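Okay, structure first, notes after.
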Amino acid sequence: MPELPEVENTKRYLIESGIVGLQFESVWTDSPTKWMGITEEAFLSVFRDAKVVMVERVAKYLVIQTENGDFLLHLGMTGWLRIQNVDNPAHKFARHVFHFNDSRELRFMDSRKFGKIIYGEPPKVSVLCDPLAEGFALEDLGLSVLSRKRSIKSILMDQSLIPGLGNLYTDESLFQAGINPFTPIYKLSVGQLDLLTEKIKTSLIRSLDEYDLVRGVDDSEPYFSMTPWDIQRKENDPCSKCGALMQFSRINARGTYYCLECQPM
DNA sequence: AGTACGTCCTGATCGC
DNA sequence: TGCGATCAGGACGTAC
């Protein structure tokens, strides 16, 4: 599912596909409830004839900047975007289509309909800088967060604290760092926080590098299925490092996999 | 204030 | 083989 590398990849895809300069003409949706702060009709009254100026990413949000202001796209769990010609058959999960004035369309596919189109309220900006940015460091969360009893996994997935990490990259980073996901954050040493910071960066960048190689090769399906995980995401499968059986629990109702040998309590 | 949990949503998978 | 039940979870709202 889309997390930070997937959204960043989508941003790069949109720019490479030439979205900048395209001009909105009309819009179609089959999920009106997924429009936050704006209806399709209101969207057209604001963005009709507006040219796309740039696409940015804020956490897991895509910011579509136009001459007439910005709106946001969130891919939710199963969302993916393509810029395709009108003649190109629509995917069965196409939920929203933004038609441009030159026979191209921005198509928003989303089987589970968790994705959103947002106008007005920007997402809450979290405390830390983006994990893909150079200066990212968990230590910068500050004592008020680092002294909490809350589990490190729960902290890492909290979008109001850290922008953009989701369930899968959190599990992978904790696995790479050898840290048990249940560990209260206050019990982590400075060294462990540094290590975890590095593992978060490397797991994100590794996927992004993979995406850079395949982006644009096959537009028919989303890219996020081929992410190279080291962690085994199946209970009782052998750990890829030590062979012990993988454990499964739920943290914040999210499926959590870990190895008790490599990530002791 | 911090934390936990219900809600949305439907394709894929599981189990009888 | 078929069909109903269950599972998956990002972000937000509500509740404790």
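We name chains A, B, ... following the order of the structure tokens; residues begin at 1 in each chain, and ligands are numbered from 1 as shown.
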Within 8 Å of chain B, which residues of chain A are there when counting only C-alpha atoms (C1' of nucleotides)? Please give them as a tab-separated table (two decimals) with N, CA and C atoms, in the first residue's frame.
chain	number	residue	atom	x	y	z
A	111	SER	N	-9.31	0.67	-5.42
A	111	SER	CA	-10.29	-0.41	-5.23
A	111	SER	C	-11.05	-0.26	-3.91
A	112	ARG	N	-10.37	0.06	-2.83
A	112	ARG	CA	-11.06	0.11	-1.52
A	112	ARG	C	-11.60	1.49	-1.15
A	113	LYS	N	-11.40	2.44	-2.01
A	113	LYS	CA	-12.00	3.77	-1.80
A	113	LYS	C	-11.58	4.43	-0.49
A	114	PHE	N	-10.34	4.24	-0.10
A	114	PHE	CA	-9.84	4.97	1.07
A	114	PHE	C	-9.14	6.27	0.66
A	252	ASN	N	-1.96	-1.04	17.60
A	252	ASN	CA	-2.89	-0.06	17.02
A	252	ASN	C	-3.74	-0.71	15.92
Using only C-alpha atoms (C1' of nucleotides), what does the table of chain C residues within 10 Å of chain A look like, with each row giving the shortest atom pair and its distance in Å to one decimal, sorted by chain and ascending number, as JSON lines?
{"residue": "C:DA8", "atom": "C1'", "partner": "A:Gly255", "partner_atom": "CA", "distance": 8.7}
{"residue": "C:DG9", "atom": "C1'", "partner": "A:Arg254", "partner_atom": "CA", "distance": 6.7}
{"residue": "C:DG10", "atom": "C1'", "partner": "A:Gly76", "partner_atom": "CA", "distance": 5.7}
{"residue": "C:DA11", "atom": "C1'", "partner": "A:Gly76", "partner_atom": "CA", "distance": 8.5}
| query | Could you pull out the helix (DSSP H, G or I) residues of range 10-201 of chain A from DSSP and send them as a PyMOL selection string? | reply | chain A and resi 10-16+32-34+40-47+138-141+143-146+152-157+167-177+185-187+190-201
| message | Let me make sure I understand: among A:Ile117, A:Asn9, A:Val53, A:Tyr61, which one has the smallest atom-to-atom distance to Ile38 in chain A if we use only C-alpha atoms? | response | A:Ile117
| task | Can you work out the spacing between CA of Leu14 in chain A and CA of Val125 in chain A in Å, to one decimal? | result |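 Those two atoms sit 23.3 Å apart.
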| field | Atomic separation - CA of Pro5 in chain A relative to CA of Ile205 in chain A, Å | value | 7.4 Å
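One finds CA of Gly216 in chain A at 18.3 Å from CA of Asp87 in chain A.
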